[in-house]
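The structure under discussion appears below in the form of structure tokens.
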Amino acid sequence: MSVIEVSELRKSYGGRNVVDGVSFAVDEGEIFGILGPNGAGKTTTVECVEGLRVPDAGRVRVAGLDPVADHDEVAGILGAQLQQSELQPKLTVREALELYASFYPNPADWRPLAERLGLTAKLGTRFAKLSGGQRQRLFIALALIGNPRVVVLDELTTGLDPRARRDTWQLIEDVRAGGVTVLLVTHFMEEAQRLCDRIAVIDKGRVAALDTPAGLIRRSAGATVISFTPSAPLDDHDLASLPAIASIECKDGRITLSGTDETVNAVVTLLARHRITAHQLRVLDATLDDAFLDLTDDRTKEAAA
């Protein structure tokens, strides 16, 4: 069952369409990711889901409720960590956690949450004295303190070091395991690939693709990358004739090909037929980065056309 429904969402500023017909649905208990270049309309989209912006057109529902017309009810079931947030400078971490807990009838115990996010030692520290990463961890805690049914996380781990980032990923997986639906906006491909069940790629205000991480990777122009240095030159025509070949690069005697598993098998056959040895042979699967670039890079789109 879908807990978030977005249909033909549109929002413009100064005559410019920032969100231009975005549609997607998020299932109960899912971690749903939104990826896109800067300025693609990701944050505006989730702000409409949160009820912070009024759409120009389209339909948004959270658990069947309109985030604008039913704002109070939605606020009771939806937690949000915004891309940019501030608190009163003199407020301590403990005071912020206690204050936000008081807003909800059945809040989470903020103490283990603070411990999990590495904030226990900072409970007496004023907000103005926190580092960027510490502030980010505090806002994640505040998003979760109301025991929400749905949580929206916009740039979840920006400013966190690699260890804190991975600890936060585990926290989000635990939150989902507890039945909370997560809508995650991120520009970290590793984060999206690790956490998300499905991903919507938004580009220029539209959904360019919606699939699982593995499904998006399979759409990449070159799902597999093969690189090697041949012991003897290979004919350009033979390389260009390889099945499912997407690109060929020859530099300083080293050949890099992108294609599929079928391309790999054909390369092995080609080398054997000409009795050529492949030195430093590397075969790598494409990543979510590759798929993202294929979906959002205008040069890639023009080449495909």
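Going through the structure tokens in order, the chains are called A, B, and so on, while each chain numbers its residues from 1 and the ligands are numbered from 1 in the order shown.
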
Residues of range 26-72 of chain A in strand (DSSP E), written as number ranges by chain: A: 26-27, 31-35, 57-62

Got time to write the residues from that selection, N, CA and C atoms, as a CSV table (one decimal), in the first residue's frame?
chain,number,residue,atom,x,y,z
A,26,VAL,N,5.2,5.9,-2.9
A,26,VAL,CA,6.2,5.3,-2.0
A,26,VAL,C,5.4,4.3,-1.2
A,27,ASP,N,5.8,3.0,-1.2
A,27,ASP,CA,5.1,2.0,-0.4
A,27,ASP,C,5.4,2.0,1.1
A,31,ILE,N,12.3,2.3,1.8
A,31,ILE,CA,13.2,3.4,1.7
A,31,ILE,C,13.2,3.8,0.2
A,32,PHE,N,12.7,5.0,0.0
A,32,PHE,CA,12.5,5.5,-1.4
A,32,PHE,C,13.5,6.7,-1.6
A,33,GLY,N,14.3,6.6,-2.6
A,33,GLY,CA,15.3,7.6,-2.8
A,33,GLY,C,15.0,8.6,-3.9
A,34,ILE,N,15.4,9.8,-3.8
A,34,ILE,CA,15.3,10.8,-4.9
A,34,ILE,C,16.7,11.3,-5.2
A,35,LEU,N,17.1,11.1,-6.4
A,35,LEU,CA,18.4,11.6,-6.9
A,35,LEU,C,18.2,12.6,-8.0
A,57,ALA,N,0.0,22.8,-9.1
A,57,ALA,CA,-1.0,21.8,-9.6
A,57,ALA,C,-0.5,20.4,-9.2
A,58,GLY,N,-1.4,19.5,-9.4
A,58,GLY,CA,-1.1,18.1,-9.1
A,58,GLY,C,-1.7,17.7,-7.7
A,59,ARG,N,-1.4,16.5,-7.3
A,59,ARG,CA,-2.0,15.9,-6.1
A,59,ARG,C,-0.9,15.3,-5.3
A,60,VAL,N,-0.9,15.6,-4.0
A,60,VAL,CA,0.1,15.0,-3.0
A,60,VAL,C,-0.8,14.5,-1.8
A,61,ARG,N,-0.5,13.2,-1.5
A,61,ARG,CA,-1.1,12.6,-0.3
A,61,ARG,C,-0.1,11.9,0.6
A,62,VAL,N,-0.2,12.1,1.9
A,62,VAL,CA,0.6,11.3,2.8
A,62,VAL,C,-0.4,10.6,3.7

Write out as a short mmCIF file (atom, residue, chain, number, x, y, z; two decimals) with N, CA and C atoms, in the first residue's frame which residues come within 12 Å of Ile4 in chain A when counting only C-alpha atoms, dropping same-chain ones fewer than 2 positions away.
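Done, and the output landed in selection_12.cif:
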data_model
loop_
_atom_site.label_atom_id
_atom_site.label_comp_id
_atom_site.auth_asym_id
_atom_site.auth_seq_id
_atom_site.Cartn_x
_atom_site.Cartn_y
_atom_site.Cartn_z
N MET A 1 0.84 -1.20 0.00
CA MET A 1 0.00 0.00 0.00
C MET A 1 0.87 1.24 0.00
N SER A 2 0.51 2.22 -0.81
CA SER A 2 1.30 3.45 -0.90
C SER A 2 0.98 4.37 0.27
N VAL A 6 2.33 11.00 -5.10
CA VAL A 6 2.57 12.28 -5.79
C VAL A 6 2.17 12.09 -7.24
N SER A 7 1.25 12.93 -7.72
CA SER A 7 0.74 12.78 -9.08
C SER A 7 0.74 14.12 -9.82
N SER A 23 5.61 12.48 -10.78
CA SER A 23 4.70 11.49 -10.22
C SER A 23 5.50 10.31 -9.67
N PHE A 24 5.14 9.86 -8.49
CA PHE A 24 5.71 8.63 -7.93
C PHE A 24 4.87 8.24 -6.71
N ALA A 25 5.02 7.00 -6.27
CA ALA A 25 4.34 6.52 -5.07
C ALA A 25 5.35 5.77 -4.23
N VAL A 26 5.25 5.93 -2.92
CA VAL A 26 6.16 5.29 -1.98
C VAL A 26 5.37 4.29 -1.15
N ASP A 27 5.82 3.04 -1.15
CA ASP A 27 5.11 1.99 -0.43
C ASP A 27 5.41 2.05 1.06
N GLU A 28 4.46 1.57 1.83
CA GLU A 28 4.63 1.48 3.29
C GLU A 28 5.86 0.65 3.62
N GLY A 29 6.73 1.17 4.50
CA GLY A 29 7.91 0.44 4.94
C GLY A 29 9.08 0.47 3.98
N GLU A 30 8.99 1.27 2.93
CA GLU A 30 10.03 1.35 1.90
C GLU A 30 11.02 2.46 2.22
N ILE A 31 12.27 2.29 1.78
CA ILE A 31 13.20 3.41 1.71
C ILE A 31 13.24 3.82 0.24
N PHE A 32 12.67 4.98 -0.03
CA PHE A 32 12.53 5.47 -1.40
C PHE A 32 13.47 6.66 -1.58
N VAL A 46 10.01 17.40 -2.24
CA VAL A 46 9.79 16.86 -0.90
C VAL A 46 9.19 17.93 0.02
N CYS A 48 6.89 19.93 -0.87
CA CYS A 48 5.45 19.81 -1.14
C CYS A 48 4.87 18.60 -0.40
N VAL A 49 5.65 17.51 -0.32
CA VAL A 49 5.21 16.34 0.44
C VAL A 49 5.08 16.69 1.92
N GLU A 50 5.99 17.50 2.43
CA GLU A 50 5.99 17.88 3.84
C GLU A 50 4.94 18.94 4.17
N ARG A 59 -1.38 16.49 -7.34
CA ARG A 59 -1.97 15.92 -6.12
C ARG A 59 -0.87 15.29 -5.27
N VAL A 60 -0.88 15.59 -3.98
CA VAL A 60 0.05 14.99 -3.03
C VAL A 60 -0.75 14.46 -1.84
N ARG A 61 -0.46 13.21 -1.45
CA ARG A 61 -1.12 12.63 -0.29
C ARG A 61 -0.10 11.88 0.56
N VAL A 62 -0.21 12.05 1.87
CA VAL A 62 0.59 11.32 2.84
C VAL A 62 -0.37 10.56 3.73
N ALA A 63 -0.35 9.24 3.64
CA ALA A 63 -1.32 8.40 4.36
C ALA A 63 -2.74 8.85 4.09
N GLY A 64 -3.00 9.24 2.84
CA GLY A 64 -4.33 9.66 2.42
C GLY A 64 -4.68 11.09 2.76
N LEU A 65 -3.76 11.82 3.40
CA LEU A 65 -4.01 13.19 3.84
C LEU A 65 -3.33 14.20 2.93
N ASP A 66 -3.94 15.37 2.79
CA ASP A 66 -3.36 16.47 2.03
C ASP A 66 -2.40 17.22 2.95
N PRO A 67 -1.10 17.28 2.61
CA PRO A 67 -0.12 17.92 3.49
C PRO A 67 -0.40 19.39 3.78
N VAL A 74 -0.86 15.63 9.29
CA VAL A 74 0.35 15.13 8.62
C VAL A 74 1.57 15.36 9.50
N ILE A 77 2.38 12.58 11.89
CA ILE A 77 2.85 11.27 11.42
C ILE A 77 4.09 11.36 10.54
N LEU A 78 4.52 12.58 10.23
CA LEU A 78 5.66 12.76 9.34
C LEU A 78 6.76 13.55 10.05
N ARG A 149 5.48 7.90 11.37
CA ARG A 149 5.15 6.80 10.45
C ARG A 149 5.95 6.95 9.16
N VAL A 150 6.23 8.20 8.80
CA VAL A 150 7.01 8.54 7.60
C VAL A 150 8.06 9.56 8.00
N VAL A 151 9.28 9.40 7.50
CA VAL A 151 10.31 10.40 7.76
C VAL A 151 10.93 10.81 6.43
N VAL A 152 11.09 12.12 6.24
CA VAL A 152 11.72 12.68 5.04
C VAL A 152 13.09 13.20 5.43
N THR A 181 8.44 4.38 7.10
CA THR A 181 8.73 4.63 5.69
C THR A 181 9.69 5.81 5.58
N VAL A 182 10.70 5.68 4.72
CA VAL A 182 11.73 6.71 4.60
C VAL A 182 11.74 7.25 3.17
N LEU A 183 11.63 8.57 3.04
CA LEU A 183 11.82 9.26 1.76
C LEU A 183 13.15 9.99 1.86
#

Give me the residues near Ile226 in chain A as a PyMOL selection string, where near means some atom within 7 Å (using only C-alpha atoms) and where sequence neighbours in that chain fewer than 2 positions away do not count. chain A and resi 224+228+256-258+264+282-284

Please provide the set of residues having any atom within 12 Å of range 169-179 of chain A, restricted to only C-alpha atoms, with same-chain residues fewer than 2 positions apart removed, written as number ranges by chain. A: 3, 27-32, 108, 112-118, 137, 140-141, 143-145, 147-153, 156-157, 160, 162-167, 181-184, 188, 190-197

For N, CA and C atoms, I'd like the residues from the last selection saved as a CSV table (one decimal), in the first residue's frame.
chain,number,residue,atom,x,y,z
A,3,VAL,N,2.0,4.9,0.9
A,3,VAL,CA,1.8,5.8,2.0
A,3,VAL,C,2.1,7.2,1.6
A,27,ASP,N,5.8,3.0,-1.2
A,27,ASP,CA,5.1,2.0,-0.4
A,27,ASP,C,5.4,2.0,1.1
A,28,GLU,N,4.5,1.6,1.8
A,28,GLU,CA,4.6,1.5,3.3
A,28,GLU,C,5.9,0.6,3.6
A,29,GLY,N,6.7,1.2,4.5
A,29,GLY,CA,7.9,0.4,4.9
A,29,GLY,C,9.1,0.5,4.0
A,30,GLU,N,9.0,1.3,2.9
A,30,GLU,CA,10.0,1.3,1.9
A,30,GLU,C,11.0,2.5,2.2
A,31,ILE,N,12.3,2.3,1.8
A,31,ILE,CA,13.2,3.4,1.7
A,31,ILE,C,13.2,3.8,0.2
A,32,PHE,N,12.7,5.0,0.0
A,32,PHE,CA,12.5,5.5,-1.4
A,32,PHE,C,13.5,6.7,-1.6
A,108,ALA,N,9.6,9.3,21.0
A,108,ALA,CA,10.7,8.3,21.3
A,108,ALA,C,11.5,8.8,22.5
A,112,PRO,N,18.5,7.1,24.1
A,112,PRO,CA,19.2,6.2,23.2
A,112,PRO,C,19.4,6.7,21.8
A,113,LEU,N,18.5,7.6,21.3
A,113,LEU,CA,18.6,8.2,20.0
A,113,LEU,C,19.9,9.1,20.0
A,114,ALA,N,20.1,9.9,21.1
A,114,ALA,CA,21.3,10.7,21.1
A,114,ALA,C,22.5,9.9,21.2
A,115,GLU,N,22.5,8.8,21.9
A,115,GLU,CA,23.6,7.9,22.1
A,115,GLU,C,24.0,7.3,20.7
A,116,ARG,N,23.0,6.9,20.0
A,116,ARG,CA,23.2,6.3,18.7
A,116,ARG,C,23.8,7.2,17.7
A,117,LEU,N,23.4,8.5,17.8
A,117,LEU,CA,23.9,9.5,16.9
A,117,LEU,C,25.2,10.3,17.4
A,118,GLY,N,25.7,9.8,18.5
A,118,GLY,CA,27.0,10.4,19.0
A,118,GLY,C,26.8,11.7,19.6
A,137,ARG,N,23.5,15.7,12.8
A,137,ARG,CA,23.1,14.6,13.6
A,137,ARG,C,21.9,15.0,14.5
A,140,ILE,N,18.7,15.1,12.5
A,140,ILE,CA,18.2,13.7,12.3
A,140,ILE,C,17.5,13.2,13.5
A,141,ALA,N,18.0,13.4,14.7
A,141,ALA,CA,17.4,13.0,15.9
A,141,ALA,C,16.0,13.7,16.1
A,143,ALA,N,14.1,14.7,13.8
A,143,ALA,CA,13.2,14.2,12.8
A,143,ALA,C,12.6,12.9,13.2
A,144,LEU,N,13.3,12.1,14.1
A,144,LEU,CA,12.9,10.8,14.5
A,144,LEU,C,12.2,10.8,15.9
A,145,ILE,N,12.3,11.9,16.6
A,145,ILE,CA,11.9,11.9,18.0
A,145,ILE,C,10.4,11.8,18.2
A,147,ASN,N,8.5,9.6,16.8
A,147,ASN,CA,8.0,8.2,16.4
A,147,ASN,C,7.2,8.3,15.1
A,148,PRO,N,7.7,8.9,14.1
A,148,PRO,CA,6.9,9.2,12.9
A,148,PRO,C,6.6,7.9,12.1
A,149,ARG,N,5.5,7.9,11.4
A,149,ARG,CA,5.2,6.8,10.4
A,149,ARG,C,5.9,6.9,9.2
A,150,VAL,N,6.2,8.2,8.8
A,150,VAL,CA,7.0,8.5,7.6
A,150,VAL,C,8.1,9.6,8.0
A,151,VAL,N,9.3,9.4,7.5
A,151,VAL,CA,10.3,10.4,7.8
A,151,VAL,C,10.9,10.8,6.4
A,152,VAL,N,11.1,12.1,6.2
A,152,VAL,CA,11.7,12.7,5.0
A,152,VAL,C,13.1,13.2,5.4
A,153,LEU,N,14.1,12.7,4.8
A,153,LEU,CA,15.5,13.1,5.1
A,153,LEU,C,16.1,13.7,3.8
A,156,LEU,N,20.8,13.6,4.0
A,156,LEU,CA,20.9,12.9,5.3
A,156,LEU,C,22.3,13.1,5.9
A,157,THR,N,23.3,12.8,5.2
A,157,THR,CA,24.7,12.6,5.8
A,157,THR,C,25.6,13.7,5.3
A,160,LEU,N,28.9,14.8,7.5
A,160,LEU,CA,29.3,13.7,8.4
A,160,LEU,C,30.6,13.0,7.8
A,162,PRO,N,33.1,9.7,7.2
A,162,PRO,CA,32.8,8.4,6.7
A,162,PRO,C,32.2,7.4,7.8
A,163,ARG,N,32.8,7.4,9.0
A,163,ARG,CA,32.3,6.5,10.1
A,163,ARG,C,30.9,7.0,10.5
A,164,ALA,N,30.7,8.3,10.8
A,164,ALA,CA,29.4,8.7,11.2
A,164,ALA,C,28.4,8.5,10.1
A,165,ARG,N,28.8,8.6,8.8
A,165,ARG,CA,27.9,8.4,7.7
A,165,ARG,C,27.4,6.9,7.8
A,166,ARG,N,28.3,6.0,7.9
A,166,ARG,CA,27.9,4.6,7.9
A,166,ARG,C,27.1,4.2,9.2
A,167,ASP,N,27.4,4.8,10.3
A,167,ASP,CA,26.6,4.6,11.5
A,167,ASP,C,25.2,5.1,11.3
A,181,THR,N,8.4,4.4,7.1
A,181,THR,CA,8.7,4.6,5.7
A,181,THR,C,9.7,5.8,5.6
A,182,VAL,N,10.7,5.7,4.7
A,182,VAL,CA,11.7,6.7,4.6
A,182,VAL,C,11.7,7.3,3.2
A,183,LEU,N,11.6,8.6,3.0
A,183,LEU,CA,11.8,9.3,1.8
A,183,LEU,C,13.1,10.0,1.9
A,184,LEU,N,14.1,9.6,1.1
A,184,LEU,CA,15.5,10.0,1.2
A,184,LEU,C,16.0,10.8,0.0
A,188,PHE,N,24.7,11.3,-2.6
A,188,PHE,CA,25.7,10.3,-2.4
A,188,PHE,C,25.2,9.0,-3.0
A,190,GLU,N,26.6,6.1,-3.3
A,190,GLU,CA,26.9,4.9,-2.4
A,190,GLU,C,25.7,4.8,-1.4
A,191,GLU,N,25.3,5.9,-0.9
A,191,GLU,CA,24.2,6.0,0.1
A,191,GLU,C,22.9,5.5,-0.5
A,192,ALA,N,22.6,5.9,-1.7
A,192,ALA,CA,21.4,5.5,-2.4
A,192,ALA,C,21.4,4.0,-2.7
A,193,GLN,N,22.6,3.6,-3.2
A,193,GLN,CA,22.7,2.2,-3.6
A,193,GLN,C,22.6,1.3,-2.3
A,194,ARG,N,23.1,1.7,-1.2
A,194,ARG,CA,23.1,0.9,0.0
A,194,ARG,C,21.7,0.9,0.7
A,195,LEU,N,21.0,2.0,0.7
A,195,LEU,CA,19.8,2.1,1.5
A,195,LEU,C,18.5,1.9,0.7
A,196,CYS,N,18.4,2.4,-0.5
A,196,CYS,CA,17.1,2.5,-1.2
A,196,CYS,C,16.6,1.2,-1.8
A,197,ASP,N,15.3,1.0,-1.6
A,197,ASP,CA,14.6,-0.1,-2.3
A,197,ASP,C,14.4,0.3,-3.7

Quick one: pick out all alpha helix (DSSP H) residues within range 202-287 of chain A from a backbone DSSP run and write them as a PyMOL selection string. chain A and resi 213-218+236-240+261-273

Please save N, CA and C atoms of the selected residues as an mmCIF file, in the first residue's frame.
data_model
loop_
_atom_site.group_PDB
_atom_site.id
_atom_site.type_symbol
_atom_site.label_atom_id
_atom_site.label_comp_id
_atom_site.auth_asym_id
_atom_site.auth_seq_id
_atom_site.Cartn_x
_atom_site.Cartn_y
_atom_site.Cartn_z
ATOM 1 N N PRO A 213 17.862 0.260 -7.481
ATOM 2 C CA PRO A 213 19.248 0.594 -7.823
ATOM 3 C C PRO A 213 19.819 -0.343 -8.888
ATOM 4 N N ALA A 214 19.572 -1.639 -8.739
ATOM 5 C CA ALA A 214 20.088 -2.597 -9.726
ATOM 6 C C ALA A 214 19.463 -2.365 -11.094
ATOM 7 N N GLY A 215 18.176 -2.037 -11.117
ATOM 8 C CA GLY A 215 17.502 -1.775 -12.383
ATOM 9 C C GLY A 215 18.053 -0.550 -13.084
ATOM 10 N N LEU A 216 18.348 0.497 -12.314
ATOM 11 C CA LEU A 216 18.942 1.699 -12.910
ATOM 12 C C LEU A 216 20.327 1.398 -13.469
ATOM 13 N N ILE A 217 21.100 0.593 -12.745
ATOM 14 C CA ILE A 217 22.449 0.253 -13.211
ATOM 15 C C ILE A 217 22.375 -0.542 -14.508
ATOM 16 N N ARG A 218 21.399 -1.433 -14.605
ATOM 17 C CA ARG A 218 21.261 -2.219 -15.839
ATOM 18 C C ARG A 218 20.920 -1.340 -17.031
ATOM 19 N N ASP A 236 40.902 -1.987 -35.015
ATOM 20 C CA ASP A 236 39.802 -1.119 -34.590
ATOM 21 C C ASP A 236 38.446 -1.670 -35.027
ATOM 22 N N HIS A 237 38.411 -2.257 -36.241
ATOM 23 C CA HIS A 237 37.153 -2.807 -36.752
ATOM 24 C C HIS A 237 36.677 -3.968 -35.884
ATOM 25 N N ASP A 238 37.611 -4.818 -35.437
ATOM 26 C CA ASP A 238 37.244 -5.940 -34.577
ATOM 27 C C ASP A 238 36.640 -5.449 -33.259
ATOM 28 N N LEU A 239 37.229 -4.387 -32.705
ATOM 29 C CA LEU A 239 36.709 -3.842 -31.450
ATOM 30 C C LEU A 239 35.321 -3.241 -31.652
ATOM 31 N N ALA A 240 35.170 -2.489 -32.755
ATOM 32 C CA ALA A 240 33.881 -1.840 -33.023
ATOM 33 C C ALA A 240 32.780 -2.851 -33.313
ATOM 34 N N ASP A 261 27.895 -8.293 -20.299
ATOM 35 C CA ASP A 261 28.563 -9.585 -20.135
ATOM 36 C C ASP A 261 28.838 -10.229 -21.490
ATOM 37 N N GLU A 262 27.960 -10.000 -22.455
ATOM 38 C CA GLU A 262 28.152 -10.536 -23.801
ATOM 39 C C GLU A 262 29.414 -9.950 -24.427
ATOM 40 N N THR A 263 29.677 -8.666 -24.145
ATOM 41 C CA THR A 263 30.892 -8.023 -24.654
ATOM 42 C C THR A 263 32.130 -8.662 -24.036
ATOM 43 N N VAL A 264 32.080 -8.950 -22.750
ATOM 44 C CA VAL A 264 33.224 -9.584 -22.072
ATOM 45 C C VAL A 264 33.559 -10.914 -22.729
ATOM 46 N N ASN A 265 32.540 -11.748 -22.956
ATOM 47 C CA ASN A 265 32.772 -13.054 -23.575
ATOM 48 C C ASN A 265 33.364 -12.912 -24.973
ATOM 49 N N ALA A 266 32.875 -11.920 -25.713
ATOM 50 C CA ALA A 266 33.380 -11.708 -27.073
ATOM 51 C C ALA A 266 34.822 -11.225 -27.069
ATOM 52 N N VAL A 267 35.195 -10.387 -26.091
ATOM 53 C CA VAL A 267 36.579 -9.918 -25.974
ATOM 54 C C VAL A 267 37.516 -11.094 -25.713
ATOM 55 N N VAL A 268 37.113 -11.978 -24.805
ATOM 56 C CA VAL A 268 37.933 -13.161 -24.495
ATOM 57 C C VAL A 268 38.128 -14.011 -25.749
ATOM 58 N N THR A 269 37.057 -14.195 -26.514
ATOM 59 C CA THR A 269 37.131 -14.975 -27.756
ATOM 60 C C THR A 269 38.046 -14.300 -28.772
ATOM 61 N N LEU A 270 37.917 -12.974 -28.902
ATOM 62 C CA LEU A 270 38.743 -12.209 -29.843
ATOM 63 C C LEU A 270 40.222 -12.334 -29.501
ATOM 64 N N LEU A 271 40.557 -12.187 -28.226
ATOM 65 C CA LEU A 271 41.950 -12.288 -27.794
ATOM 66 C C LEU A 271 42.505 -13.684 -28.052
ATOM 67 N N ALA A 272 41.697 -14.717 -27.777
ATOM 68 C CA ALA A 272 42.147 -16.097 -27.990
ATOM 69 C C ALA A 272 42.365 -16.377 -29.470
ATOM 70 N N ARG A 273 41.455 -15.838 -30.308
ATOM 71 C CA ARG A 273 41.565 -16.091 -31.751
ATOM 72 C C ARG A 273 42.856 -15.511 -32.320
#

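Note that CA of Thr168 in chain A and CA of Thr120 in chain A are 15.1 Å apart.
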
Between CA of His279 in chain A and CA of Ala246 in chain A - distance in Å to one decimal: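 Pair CA of Ala246 in chain A / CA of His279 in chain A returns 21.9 Å.
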
What's around range 84-96 of chain A at 8 Å? Count only C-alpha atoms, leave out sequence neighbours fewer than 6 positions away in its own chain, and write the answer as a list of chain:residue names. A:Leu119, A:Lys122, A:Leu123, A:Gly124, A:Thr125, A:Arg126, A:Phe127, A:Ala128, A:Leu138, A:Phe139

Please save N, CA and C atoms of the selected residues as a CSV table (one decimal), in the first residue's frame.
chain,number,residue,atom,x,y,z
A,119,LEU,N,25.6,12.0,20.2
A,119,LEU,CA,25.3,13.3,20.7
A,119,LEU,C,25.4,13.4,22.3
A,122,LYS,N,27.5,15.8,23.9
A,122,LYS,CA,27.2,17.2,23.5
A,122,LYS,C,25.9,17.7,24.1
A,123,LEU,N,25.3,16.9,25.0
A,123,LEU,CA,24.0,17.3,25.5
A,123,LEU,C,24.0,18.7,26.1
A,124,GLY,N,25.0,19.1,26.8
A,124,GLY,CA,25.1,20.4,27.4
A,124,GLY,C,25.6,21.5,26.5
A,125,THR,N,25.9,21.2,25.2
A,125,THR,CA,26.5,22.2,24.3
A,125,THR,C,25.4,23.0,23.6
A,126,ARG,N,25.7,24.3,23.5
A,126,ARG,CA,24.7,25.2,22.8
A,126,ARG,C,24.8,24.9,21.3
A,127,PHE,N,23.6,25.1,20.7
A,127,PHE,CA,23.6,24.9,19.2
A,127,PHE,C,24.6,25.7,18.5
A,128,ALA,N,24.9,26.9,18.9
A,128,ALA,CA,25.8,27.8,18.2
A,128,ALA,C,27.3,27.2,18.2
A,138,LEU,N,22.0,16.2,15.1
A,138,LEU,CA,20.9,16.6,15.9
A,138,LEU,C,19.6,16.7,15.2
A,139,PHE,N,19.6,17.3,13.9
A,139,PHE,CA,18.4,17.4,13.2
A,139,PHE,C,17.8,16.1,12.8

Check the smallest atom-to-atom distance from each of A:His71, A:Ser102, A:Asp203, A:Gln81 to Gly41 in chain A using only C-alpha atoms, then report the winner.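 For Gly41 in chain A, the nearest of the candidates is A:Asp203.
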
Rounded to one decimal in Å, what is the spacing between CA of Thr43 in chain A and CA of Asn17 in chain A? 13.7 Å

Quick one: residues within 6 Å of Arg10 in chain A, only C-alpha atoms, excluding same-chain residues fewer than 6 positions away - as a ChimeraX atom specification? /A:19-21,56-57

Looking at A:Gly79, A:Thr44, A:Leu281, A:Gly14, which one is nearest to Gly205 in chain A, with distances taken over only C-alpha atoms? A:Thr44
